[in-house]
$ cat entry.txt   # compact mmCIF, C-alpha atoms
# COMPACT_ATOMS: atom_id res chain seq x y z
CA MET W 288 106.15 97.86 41.52
CA LYS W 289 109.93 97.48 41.84
CA GLU W 290 110.35 101.20 41.22
CA LYS W 291 108.02 101.98 44.11
CA LEU W 292 109.96 99.74 46.49
CA LYS W 293 113.13 101.70 45.72
CA SER W 294 111.59 104.82 47.21
CA THR W 295 112.76 105.76 50.69
CA GLU W 296 109.32 107.19 51.42
CA VAL W 297 107.64 103.85 50.73
CA TRP W 298 110.11 102.01 52.99
CA PHE W 299 109.56 104.58 55.71
CA LYS W 300 105.80 103.95 55.53
CA ILE W 301 106.36 100.20 55.70
CA VAL W 302 108.52 100.65 58.80
CA LEU W 303 105.79 102.86 60.30
CA LEU W 304 103.28 100.04 59.74
CA PHE W 305 105.42 97.73 61.85
CA VAL W 306 106.00 100.39 64.53
CA PHE W 307 102.29 101.20 64.88
CA SER W 308 101.44 97.50 64.88
CA GLY W 309 103.98 97.04 67.66
CA PHE W 310 102.36 99.83 69.65
CA PHE W 311 98.99 98.17 69.27
CA VAL W 312 100.32 94.76 70.33
CA ALA W 313 102.33 96.26 73.21
CA SER W 314 99.17 97.78 74.69
CA LEU W 315 97.25 94.48 74.77
CA PRO W 316 98.42 93.35 78.27
CA TYR W 317 97.29 96.65 79.83
CA PRO W 318 93.94 96.90 81.62
CA GLN W 319 90.96 97.77 79.42
CA ASP W 320 90.78 101.45 80.40
CA SER W 321 94.53 102.00 80.05
CA ARG W 322 94.87 100.46 76.63
CA GLN W 323 92.03 102.25 74.85
CA PHE W 324 93.92 105.46 74.09
CA PRO W 325 97.17 103.83 72.79
CA GLN W 326 95.15 101.38 70.71
CA LEU W 327 93.02 104.18 69.28
CA LEU W 328 96.12 106.14 68.28
CA ALA W 329 97.75 103.03 66.82
CA VAL W 330 94.67 102.09 64.78
CA ILE W 331 94.23 105.60 63.39
CA SER W 332 97.94 105.75 62.53
CA LEU W 333 97.81 102.32 60.89
CA ILE W 334 94.80 103.30 58.78
CA LEU W 335 96.40 106.56 57.63
CA THR W 336 99.69 104.80 56.81
CA ILE W 337 97.88 102.09 54.83
CA ILE W 338 95.98 104.76 52.89
CA ALA W 339 99.25 106.56 52.13
CA LEU W 340 100.86 103.32 50.95
CA ALA W 341 97.83 102.49 48.82
CA MET W 342 98.05 105.91 47.20
CA ASP W 343 101.71 105.29 46.41
CA PHE W 344 100.97 101.98 44.69
CA LEU W 345 97.58 102.63 43.11
CA TRP W 346 97.97 106.16 41.75
CA PRO W 347 101.29 106.33 39.91
CA GLN W 348 100.18 109.19 37.67
CA ALA W 349 99.87 111.53 40.65
CA ILE W 350 103.45 110.84 41.68
CA THR W 351 104.88 111.19 38.17
CA GLY W 352 102.93 114.41 37.74
CA GLN W 353 104.42 115.83 40.90
CA ILE W 354 107.95 114.76 40.04
CA GLY W 355 107.64 115.72 36.36
CA ASP W 356 107.48 119.46 37.10
CA VAL W 357 110.68 119.50 39.14
CA ASP W 358 113.69 120.94 37.36
CA ASP W 359 117.24 121.69 38.32
CA THR W 360 117.05 124.86 40.34
CA GLU W 361 119.93 126.96 41.44
CA LEU W 362 120.58 127.75 45.05
CA LYS W 363 118.92 131.03 45.96
CA VAL W 364 120.73 133.41 48.25
CA LEU W 365 118.32 135.27 50.48
CA ASP W 366 118.70 138.98 50.80
CA ALA W 367 119.02 140.67 54.19
CA ALA W 368 115.41 141.89 54.27
CA THR W 369 114.03 138.37 53.76
CA ARG W 370 116.29 136.99 56.48
CA VAL W 371 115.13 139.68 58.91
CA VAL W 372 111.46 138.95 58.18
CA ARG W 373 111.97 135.21 58.62
CA ARG W 374 113.91 135.69 61.84
CA LYS W 375 111.15 137.96 63.17
CA ARG W 376 108.48 135.33 62.38
CA TYR W 377 110.62 132.66 64.05
CA TYR W 378 110.91 134.69 67.25
CA GLN W 379 107.20 135.57 67.17
CA ALA W 380 106.30 131.89 66.91
CA TRP W 381 108.50 131.00 69.87
CA ALA W 382 107.08 133.91 71.87
CA ILE W 383 103.54 132.66 71.24
CA ILE W 384 104.50 129.13 72.29
CA LEU W 385 106.28 130.26 75.47
CA VAL W 386 103.58 132.75 76.52
CA SER W 387 100.76 130.27 75.94
CA SER W 388 102.69 127.58 77.84
CA GLY W 389 103.29 129.96 80.74
CA ILE W 390 99.64 131.00 80.81
CA GLY W 391 98.71 127.32 80.60
CA PHE W 392 100.87 126.58 83.62
CA LEU W 393 98.99 129.23 85.57
CA GLY W 394 95.51 129.01 84.03
CA GLY W 395 95.25 125.49 82.69
CA PHE W 396 94.64 123.77 79.39
CA LEU W 397 91.83 125.95 78.08
CA PHE W 398 93.76 129.20 78.49
CA SER W 399 96.90 127.70 76.98
CA THR W 400 95.14 126.24 73.96
CA ILE W 401 93.03 129.26 73.12
CA LEU W 402 96.08 131.54 73.40
CA LEU W 403 98.16 129.23 71.24
CA PHE W 404 95.59 128.93 68.44
CA ALA W 405 94.48 132.56 68.64
CA GLY W 406 98.06 133.82 68.86
CA PHE W 407 99.15 132.03 65.72
CA GLY W 408 95.96 133.01 63.90
CA LEU W 409 96.19 136.67 64.84
CA VAL W 410 99.95 137.12 64.40
CA PHE W 411 100.47 135.09 61.22
CA GLY W 412 97.03 135.44 59.62
CA SER W 413 95.93 138.28 57.38
CA ARG W 414 94.16 141.29 58.83
CA GLU W 415 91.02 140.58 56.84
CA ASP W 416 90.69 137.12 58.36
CA ARG W 417 91.22 137.99 62.05
CA ILE W 418 87.62 137.28 63.08
CA ARG W 419 87.61 134.03 61.13
CA ASN W 420 90.97 133.00 62.65
CA LEU W 421 89.68 133.79 66.14
CA MET W 422 86.54 131.71 65.53
CA ILE W 423 88.70 128.83 64.26
CA ALA W 424 90.85 129.10 67.39
CA ILE W 425 87.78 128.88 69.63
CA ALA W 426 86.33 125.99 67.62
CA MET W 427 89.64 124.06 67.71
CA THR W 428 89.94 124.60 71.46
CA VAL W 429 86.43 123.29 72.04
CA LEU W 430 87.04 120.36 69.68
CA VAL W 431 90.31 119.38 71.39
CA TYR W 432 88.70 119.76 74.81
CA PHE W 433 85.76 117.50 74.00
CA VAL W 434 87.75 114.89 72.09
CA PHE W 435 90.52 114.52 74.65
CA GLY W 436 88.86 115.68 77.87
CA ARG W 437 85.39 114.21 77.53
CA ILE W 438 85.42 111.42 74.94
CA MET W 439 88.84 109.90 75.67
CA ALA W 440 88.93 111.02 79.33
CA VAL W 441 92.51 112.24 79.10
CA PRO W 442 93.32 114.41 82.11
CA LEU W 443 94.04 117.89 80.80
CA LEU W 444 96.42 120.36 82.37
CA ASP W 445 95.04 122.06 85.46
CA GLY W 446 96.54 125.46 86.15
CA LEU W 447 97.85 126.66 89.48
CA LEU W 448 95.24 129.43 89.65
CA TRP W 449 92.32 127.65 87.97

$ encode --input "entry.txt" --output "structure tokens"
Amino acid sequence: MKEKLKSTEVWFKIVLLFVFSGFFVASLPYPQDSRQFPQLLAVISLILTIIALAMDFLWPQAITGQIGDVDDTELKVLDAATRVVRRKRYYQAWAIILVSSGIGFLGGFLFSTILLFAGFGLVFGSREDRIRNLMIAIAMTVLVYFVFGRIMAVPLLDGLLW
């Protein structure tokens, strides 16, 4: 038990418990409709943090198994080809984010989200899985739309042209 409390990760999770509890308590004076979304996020975050803490304290063999395989590794110097590939992926990711945000500004939430998910799936996914990645992008867009737009009634981005 004392060994677990020495871990920075455990203390970070304990601090998160207090932060999410504070968010929940801070939303109490708001009107009923305004406090539902912050309370929902706080409760979900509290539950996930409690589960993570419980895993830290109840399953010590999983942690020792993960740490047991770590050895002293030497610093690897990346060659020029690897750096070029990583830089290209970095710029591709930012291009997808900026293009989908720009399209979202003009076309609204649905265009932005589908382009973001589909862009990452098509650019960074394997060629064999393009159809599957596109279907996942459509499913995630629909899921996000219904959860946030319909169930939680969060106003989604309206585009200038849509």

$ atom_distance --input "entry.txt" --atom1 "CA of Gln319 in chain W" --atom2 "CA of Leu430 in chain W"
24.9 Å

$ residues_around --input "entry.txt" --residues "Ser308 in chain W" --least-positions-apart "3" --cutoff "9 Å" --atoms "all atoms listed in the file" --output "ChimeraX atom specification"
/W:303-305,311-313,329-330,333

$ write_last_selection --input "entry.txt" --atoms "C-alpha atoms" --output "PDB file, in the coordinates of the input"
ATOM      1  CA  LEU W 303     105.790 102.860  60.300  1.00  0.00           C
ATOM      2  CA  LEU W 304     103.280 100.040  59.740  1.00  0.00           C
ATOM      3  CA  PHE W 305     105.420  97.730  61.850  1.00  0.00           C
ATOM      4  CA  PHE W 311      98.990  98.170  69.270  1.00  0.00           C
ATOM      5  CA  VAL W 312     100.320  94.760  70.330  1.00  0.00           C
ATOM      6  CA  ALA W 313     102.330  96.260  73.210  1.00  0.00           C
ATOM      7  CA  ALA W 329      97.750 103.030  66.820  1.00  0.00           C
ATOM      8  CA  VAL W 330      94.670 102.090  64.780  1.00  0.00           C
ATOM      9  CA  LEU W 333      97.810 102.320  60.890  1.00  0.00           C
TER      10      LEU W 333
END

$ atom_distance --input "entry.txt" --atom1 "CA of Ile401 in chain W" --atom2 "CA of Ser387 in chain W"
8.3 Å
